[in-house]
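Working notes, structure below.
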Amino acid sequence: MDYESAVDFYIVVAIAVCIIIALLIIRFGFVAAIPPRRRPGQAGAIRIGNGQTIGRRAEQDDYFASLTTPVGTLAVVADGISGLQNGRMSSTLAVTTFTREFAKVERADELEEYFARAARKSNREILQNLNGQGGGTTLAAAVITGGKLYYGAVGDSLITLFRNGEFVPVNSKHTAETLLEEKVLTGEMSREEAASSPVRRQLTNYLGYEGFERMEIGEDPLPLRGDDLVLLASDGVHEALTEIELEQILLQQKTPQDMAEDIIDAIEAKGLRGQDNATVVILREDAC
């Protein structure tokens, strides 16, 4: 190969190398510009809002918290039983216990046992601190992970989904109202008698109760859809606002924090004479 041929050969090789490098830059630059796809079961970020009012009570017996770990996001609301002593202590202790125990969870398949374990520990610790005095608390806990909702609840604090403009109940109330409804269905009493019963709102299960056996735990996680809102609320919310009033607030599609604040503002605007403590936590999973 003469000198000119050698020069031409190296020029061609150099041009080819430059073209290959340019193509690689374009290819990888384009791939980097494409957002990663959401893998099946992969969760998006959880946005959380909360709000609370003392109502007309002398003390705030509600307590709430949230915690995000590599496993998922926990939200928990507890309503210390008004009319009994140590309601505030009971709700605070229960929420603290559930939060502490959640930090120990390493996998989603441990969540069912987590709810049961945290409930047992909460009940035992509350009873020890009460030392024979009156007290206790309701509690609703929800964990969102992998696009699914796991939950546990005891008492009358409610977890609900707001989906496509409608409420979907998640847990049930542990009150005499449930027992009265069964009597209505079996014909033992009329619906009017059940509605006017003085024991209708009496709790049949709560934390800090000597006869406590277990909390209600979802047997299977609930798959969440794109625009679902998960609400945890003490009974002071549902006693003050109707479903229609809550729907009007949630349909505005604000941030979870703005919606929670609007709910509390609506409760306080009513100024009900016997307004109980009211707490709401709202969660929404944003797509990746």
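Naming scheme: A, B, ... for chains in displayed order of the structure tokens; residues 1 onward per chain; ligands 1 onward as shown.
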Checklist entry - region 87-234 of chain A: which residues are helix (DSSP H, G or I) by DSSP, as an MDAnalysis selection string? => result chainID A and resid 87:102 108:130 176:185 191:195
Of A:Asn164, A:Ser172, A:Asn123, A:Ser90, the one sitting nearest Gly211 (chain A) when using only C-alpha atoms is A:Asn123
Report task. Fewer than 4 positions away in the same chain doesn't count, so skip those; otherwise give me all residues within 9 Å of Asn129 (chain A), counting only C-alpha atoms, as a ChimeraX atom specification. Result -> /A:89-90,124-125,133
Among the residues A:Gly208, A:Ala233, A:Gln202, A:Tyr114, the one that comes closest to Ile264 (chain A) [using only C-alpha atoms]
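With only C-alpha atoms as the atom set, the closest residue is A:Ala233.
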Practice item. Figure out the distance between CA of Thr279 (chain A) and CA of Gln257 (chain A), please, to one decimal in Å. Key: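 Between CA of Gln257 (chain A) and CA of Thr279 (chain A) the gap works out to 12.6 Å.
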### Task
For each of A:Ile81, A:Ala103, A:Met259, A:Leu250, take the minimum atom-to-atom distance to Gly155 (chain A), counting only C-alpha atoms, then give the residue where this is smallest.
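Using only C-alpha atoms, Gly155 (chain A) sits closest to A:Ile81.
Comparing the minimum interatomic distances between Ile126 (chain A) and each of A:Lys104, A:Arg284, A:Arg88, A:Lys254, counting only C-alpha atoms, we find that A:Arg88 sits nearest.
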Show me, as a ChimeraX atom specification, the residues that have an atom within 9 Å of Arg214 (chain A) when counting only C-alpha atoms, minus same-chain residues fewer than 6 positions from it.
/A:116,119-120,154,205
Mind dumping the selected residues with C-alpha atoms as a PDB file, in the first residue's frame?
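See selection28.pdb below for the written result:
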ATOM      1  CA  ALA A 116     -52.238  -7.787  64.404  1.00  0.00           C
ATOM      2  CA  ALA A 119     -52.886  -3.905  67.861  1.00  0.00           C
ATOM      3  CA  ARG A 120     -51.979  -6.428  70.546  1.00  0.00           C
ATOM      4  CA  VAL A 154     -60.855  -1.120  65.327  1.00  0.00           C
ATOM      5  CA  ASN A 205     -64.414  -3.118  70.306  1.00  0.00           C
TER       6      ASN A 205
END
Using only C-alpha atoms, the best pick from A:Asn171, A:Ser82, A:Thr97, A:Thr69 as closest to Gly218 (chain A) would be A:Asn171
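The shortest atom-to-atom distance to Leu272 (chain A), with only C-alpha atoms taken into account, belongs to A:Gly55 out of A:Leu139, A:Glu166, A:Gly55, A:Gly87.
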Atom pair CA of Glu285 (chain A) + CA of Thr73 (chain A), distance 10.0 Å
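Interatomic distance, CA of Glu243 (chain A) to CA of Phe167 (chain A): 7.9 Å.
Near Gln60 (chain A), within a cut-off of 8 Å and counting only C-alpha atoms, sit the residues A:Thr53, A:Ile54, A:Arg88, A:Asn277, with same-chain residues fewer than 4 positions away left out.
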Limited to N, CA, C and O atoms, could you put the picked residues into a file as a PDB file, in the first residue's frame?
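out-v9.pdb, freshly written:
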ATOM      1  N   THR A  53     -59.451  19.415  64.005  1.00  0.00           N
ATOM      2  CA  THR A  53     -60.077  20.458  64.816  1.00  0.00           C
ATOM      3  C   THR A  53     -60.457  19.859  66.164  1.00  0.00           C
ATOM      4  O   THR A  53     -60.818  18.684  66.248  1.00  0.00           O
ATOM      5  N   ILE A  54     -60.395  20.657  67.192  1.00  0.00           N
ATOM      6  CA  ILE A  54     -60.771  20.206  68.527  1.00  0.00           C
ATOM      7  C   ILE A  54     -62.280  20.219  68.703  1.00  0.00           C
ATOM      8  O   ILE A  54     -62.815  19.587  69.609  1.00  0.00           O
ATOM      9  N   ARG A  88     -56.636  10.941  75.408  1.00  0.00           N
ATOM     10  CA  ARG A  88     -55.470  11.466  74.705  1.00  0.00           C
ATOM     11  C   ARG A  88     -54.270  10.531  74.851  1.00  0.00           C
ATOM     12  O   ARG A  88     -53.567  10.251  73.879  1.00  0.00           O
ATOM     13  N   ASN A 277     -64.078  16.108  68.474  1.00  0.00           N
ATOM     14  CA  ASN A 277     -62.783  16.218  67.802  1.00  0.00           C
ATOM     15  C   ASN A 277     -62.925  15.617  66.404  1.00  0.00           C
ATOM     16  O   ASN A 277     -63.615  14.615  66.227  1.00  0.00           O
TER      17      ASN A 277
END
(Q) Residues within 8 Å of Val230 (chain A), please, as number ranges by chain. Count only C-alpha atoms; anything in the same chain fewer than 3 positions from it doesn't count. (A) A: 159-162, 282-284
Same residues, all heavy atoms, output as a PDB file, in the first residue's frame:
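Once written, out-v5.pdb looks like this:
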ATOM      1  N   ILE A 159     -62.041   4.113  57.213  1.00  0.00           N
ATOM      2  CA  ILE A 159     -61.197   4.209  56.028  1.00  0.00           C
ATOM      3  C   ILE A 159     -62.115   4.073  54.824  1.00  0.00           C
ATOM      4  O   ILE A 159     -62.900   3.123  54.746  1.00  0.00           O
ATOM      5  CB  ILE A 159     -60.139   3.092  55.981  1.00  0.00           C
ATOM      6  CG1 ILE A 159     -59.324   3.071  57.280  1.00  0.00           C
ATOM      7  CG2 ILE A 159     -59.225   3.260  54.770  1.00  0.00           C
ATOM      8  CD1 ILE A 159     -58.432   1.852  57.410  1.00  0.00           C
ATOM      9  N   THR A 160     -62.042   5.013  53.903  1.00  0.00           N
ATOM     10  CA  THR A 160     -62.876   4.956  52.703  1.00  0.00           C
ATOM     11  C   THR A 160     -62.049   5.321  51.480  1.00  0.00           C
ATOM     12  O   THR A 160     -61.079   6.080  51.563  1.00  0.00           O
ATOM     13  CB  THR A 160     -64.085   5.908  52.782  1.00  0.00           C
ATOM     14  OG1 THR A 160     -63.619   7.241  53.075  1.00  0.00           O
ATOM     15  CG2 THR A 160     -65.058   5.483  53.856  1.00  0.00           C
ATOM     16  N   LEU A 161     -62.449   4.760  50.335  1.00  0.00           N
ATOM     17  CA  LEU A 161     -61.892   5.157  49.049  1.00  0.00           C
ATOM     18  C   LEU A 161     -62.853   6.133  48.388  1.00  0.00           C
ATOM     19  O   LEU A 161     -64.074   5.940  48.432  1.00  0.00           O
ATOM     20  CB  LEU A 161     -61.723   3.949  48.132  1.00  0.00           C
ATOM     21  CG  LEU A 161     -60.602   2.948  48.393  1.00  0.00           C
ATOM     22  CD1 LEU A 161     -60.655   1.853  47.330  1.00  0.00           C
ATOM     23  CD2 LEU A 161     -59.260   3.620  48.403  1.00  0.00           C
ATOM     24  N   PHE A 162     -62.323   7.179  47.796  1.00  0.00           N
ATOM     25  CA  PHE A 162     -63.146   8.056  46.967  1.00  0.00           C
ATOM     26  C   PHE A 162     -62.733   7.787  45.535  1.00  0.00           C
ATOM     27  O   PHE A 162     -61.630   8.138  45.113  1.00  0.00           O
ATOM     28  CB  PHE A 162     -62.927   9.521  47.331  1.00  0.00           C
ATOM     29  CG  PHE A 162     -63.886  10.455  46.648  1.00  0.00           C
ATOM     30  CD1 PHE A 162     -65.248  10.406  46.923  1.00  0.00           C
ATOM     31  CD2 PHE A 162     -63.436  11.376  45.713  1.00  0.00           C
ATOM     32  CE1 PHE A 162     -66.144  11.257  46.295  1.00  0.00           C
ATOM     33  CE2 PHE A 162     -64.318  12.253  45.092  1.00  0.00           C
ATOM     34  CZ  PHE A 162     -65.671  12.189  45.379  1.00  0.00           C
ATOM     35  N   ILE A 282     -55.695  12.311  54.159  1.00  0.00           N
ATOM     36  CA  ILE A 282     -56.007  11.947  52.779  1.00  0.00           C
ATOM     37  C   ILE A 282     -54.717  11.550  52.067  1.00  0.00           C
ATOM     38  O   ILE A 282     -53.711  12.253  52.148  1.00  0.00           O
ATOM     39  CB  ILE A 282     -56.680  13.109  52.023  1.00  0.00           C
ATOM     40  CG1 ILE A 282     -57.964  13.540  52.740  1.00  0.00           C
ATOM     41  CG2 ILE A 282     -56.968  12.715  50.589  1.00  0.00           C
ATOM     42  CD1 ILE A 282     -58.636  14.754  52.118  1.00  0.00           C
ATOM     43  N   LEU A 283     -54.755  10.405  51.378  1.00  0.00           N
ATOM     44  CA  LEU A 283     -53.604   9.929  50.633  1.00  0.00           C
ATOM     45  C   LEU A 283     -53.969   9.740  49.165  1.00  0.00           C
ATOM     46  O   LEU A 283     -55.082   9.282  48.850  1.00  0.00           O
ATOM     47  CB  LEU A 283     -53.086   8.598  51.184  1.00  0.00           C
ATOM     48  CG  LEU A 283     -52.667   8.554  52.648  1.00  0.00           C
ATOM     49  CD1 LEU A 283     -53.822   8.050  53.510  1.00  0.00           C
ATOM     50  CD2 LEU A 283     -51.453   7.672  52.850  1.00  0.00           C
ATOM     51  N   ARG A 284     -53.031  10.081  48.318  1.00  0.00           N
ATOM     52  CA  ARG A 284     -53.215   9.843  46.877  1.00  0.00           C
ATOM     53  C   ARG A 284     -51.891   9.392  46.301  1.00  0.00           C
ATOM     54  O   ARG A 284     -50.847   9.999  46.547  1.00  0.00           O
ATOM     55  CB  ARG A 284     -53.696  11.089  46.147  1.00  0.00           C
ATOM     56  CG  ARG A 284     -53.891  10.862  44.637  1.00  0.00           C
ATOM     57  CD  ARG A 284     -54.553  12.062  43.983  1.00  0.00           C
ATOM     58  NE  ARG A 284     -53.705  13.227  44.045  1.00  0.00           N
ATOM     59  CZ  ARG A 284     -54.166  14.482  43.964  1.00  0.00           C
ATOM     60  NH1 ARG A 284     -55.467  14.707  43.864  1.00  0.00           N
ATOM     61  NH2 ARG A 284     -53.337  15.500  44.016  1.00  0.00           N
TER      62      ARG A 284
END
Which parts of region 186-261 of chain A does DSSP call strand (DSSP E or B) when run on the backbone here, written out as a PDB file with N, CA, C and O atoms, in the first residue's frame?
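What follows is the written file states.pdb:
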ATOM      1  N   LEU A 203     -69.360   1.747  71.437  1.00  0.00           N
ATOM      2  CA  LEU A 203     -68.325   0.910  70.841  1.00  0.00           C
ATOM      3  C   LEU A 203     -68.390  -0.512  71.397  1.00  0.00           C
ATOM      4  O   LEU A 203     -68.605  -0.719  72.589  1.00  0.00           O
ATOM      5  N   LEU A 207     -59.181  -0.305  71.385  1.00  0.00           N
ATOM      6  CA  LEU A 207     -57.906  -0.555  72.043  1.00  0.00           C
ATOM      7  C   LEU A 207     -57.948   0.028  73.450  1.00  0.00           C
ATOM      8  O   LEU A 207     -58.392   1.159  73.641  1.00  0.00           O
ATOM      9  N   GLU A 216     -59.946  -5.502  62.956  1.00  0.00           N
ATOM     10  CA  GLU A 216     -60.364  -5.896  61.607  1.00  0.00           C
ATOM     11  C   GLU A 216     -59.195  -5.658  60.650  1.00  0.00           C
ATOM     12  O   GLU A 216     -58.683  -4.548  60.550  1.00  0.00           O
ATOM     13  N   ILE A 217     -58.777  -6.696  59.945  1.00  0.00           N
ATOM     14  CA  ILE A 217     -57.638  -6.600  59.032  1.00  0.00           C
ATOM     15  C   ILE A 217     -58.086  -7.081  57.655  1.00  0.00           C
ATOM     16  O   ILE A 217     -58.709  -8.139  57.523  1.00  0.00           O
ATOM     17  N   LEU A 222     -56.296  -4.085  48.588  1.00  0.00           N
ATOM     18  CA  LEU A 222     -57.198  -3.527  47.586  1.00  0.00           C
ATOM     19  C   LEU A 222     -56.390  -2.816  46.504  1.00  0.00           C
ATOM     20  O   LEU A 222     -55.644  -1.881  46.805  1.00  0.00           O
ATOM     21  N   PRO A 223     -56.504  -3.240  45.242  1.00  0.00           N
ATOM     22  CA  PRO A 223     -55.786  -2.542  44.169  1.00  0.00           C
ATOM     23  C   PRO A 223     -56.311  -1.110  44.020  1.00  0.00           C
ATOM     24  O   PRO A 223     -57.521  -0.880  44.024  1.00  0.00           O
ATOM     25  N   LEU A 229     -58.627   8.369  46.010  1.00  0.00           N
ATOM     26  CA  LEU A 229     -58.220   9.034  47.246  1.00  0.00           C
ATOM     27  C   LEU A 229     -58.518   8.080  48.393  1.00  0.00           C
ATOM     28  O   LEU A 229     -59.575   7.452  48.416  1.00  0.00           O
ATOM     29  N   VAL A 230     -57.599   7.955  49.326  1.00  0.00           N
ATOM     30  CA  VAL A 230     -57.807   7.140  50.516  1.00  0.00           C
ATOM     31  C   VAL A 230     -57.986   8.084  51.692  1.00  0.00           C
ATOM     32  O   VAL A 230     -57.122   8.916  51.959  1.00  0.00           O
ATOM     33  N   LEU A 231     -59.134   7.981  52.370  1.00  0.00           N
ATOM     34  CA  LEU A 231     -59.439   8.853  53.504  1.00  0.00           C
ATOM     35  C   LEU A 231     -59.467   8.047  54.793  1.00  0.00           C
ATOM     36  O   LEU A 231     -60.100   6.990  54.851  1.00  0.00           O
ATOM     37  N   LEU A 232     -58.798   8.563  55.806  1.00  0.00           N
ATOM     38  CA  LEU A 232     -58.914   8.046  57.167  1.00  0.00           C
ATOM     39  C   LEU A 232     -59.505   9.171  57.996  1.00  0.00           C
ATOM     40  O   LEU A 232     -59.004  10.307  57.952  1.00  0.00           O
ATOM     41  N   ALA A 233     -60.561   8.890  58.749  1.00  0.00           N
ATOM     42  CA  ALA A 233     -61.226   9.955  59.487  1.00  0.00           C
ATOM     43  C   ALA A 233     -61.796   9.454  60.800  1.00  0.00           C
ATOM     44  O   ALA A 233     -62.318   8.339  60.879  1.00  0.00           O
TER      45      ALA A 233
END
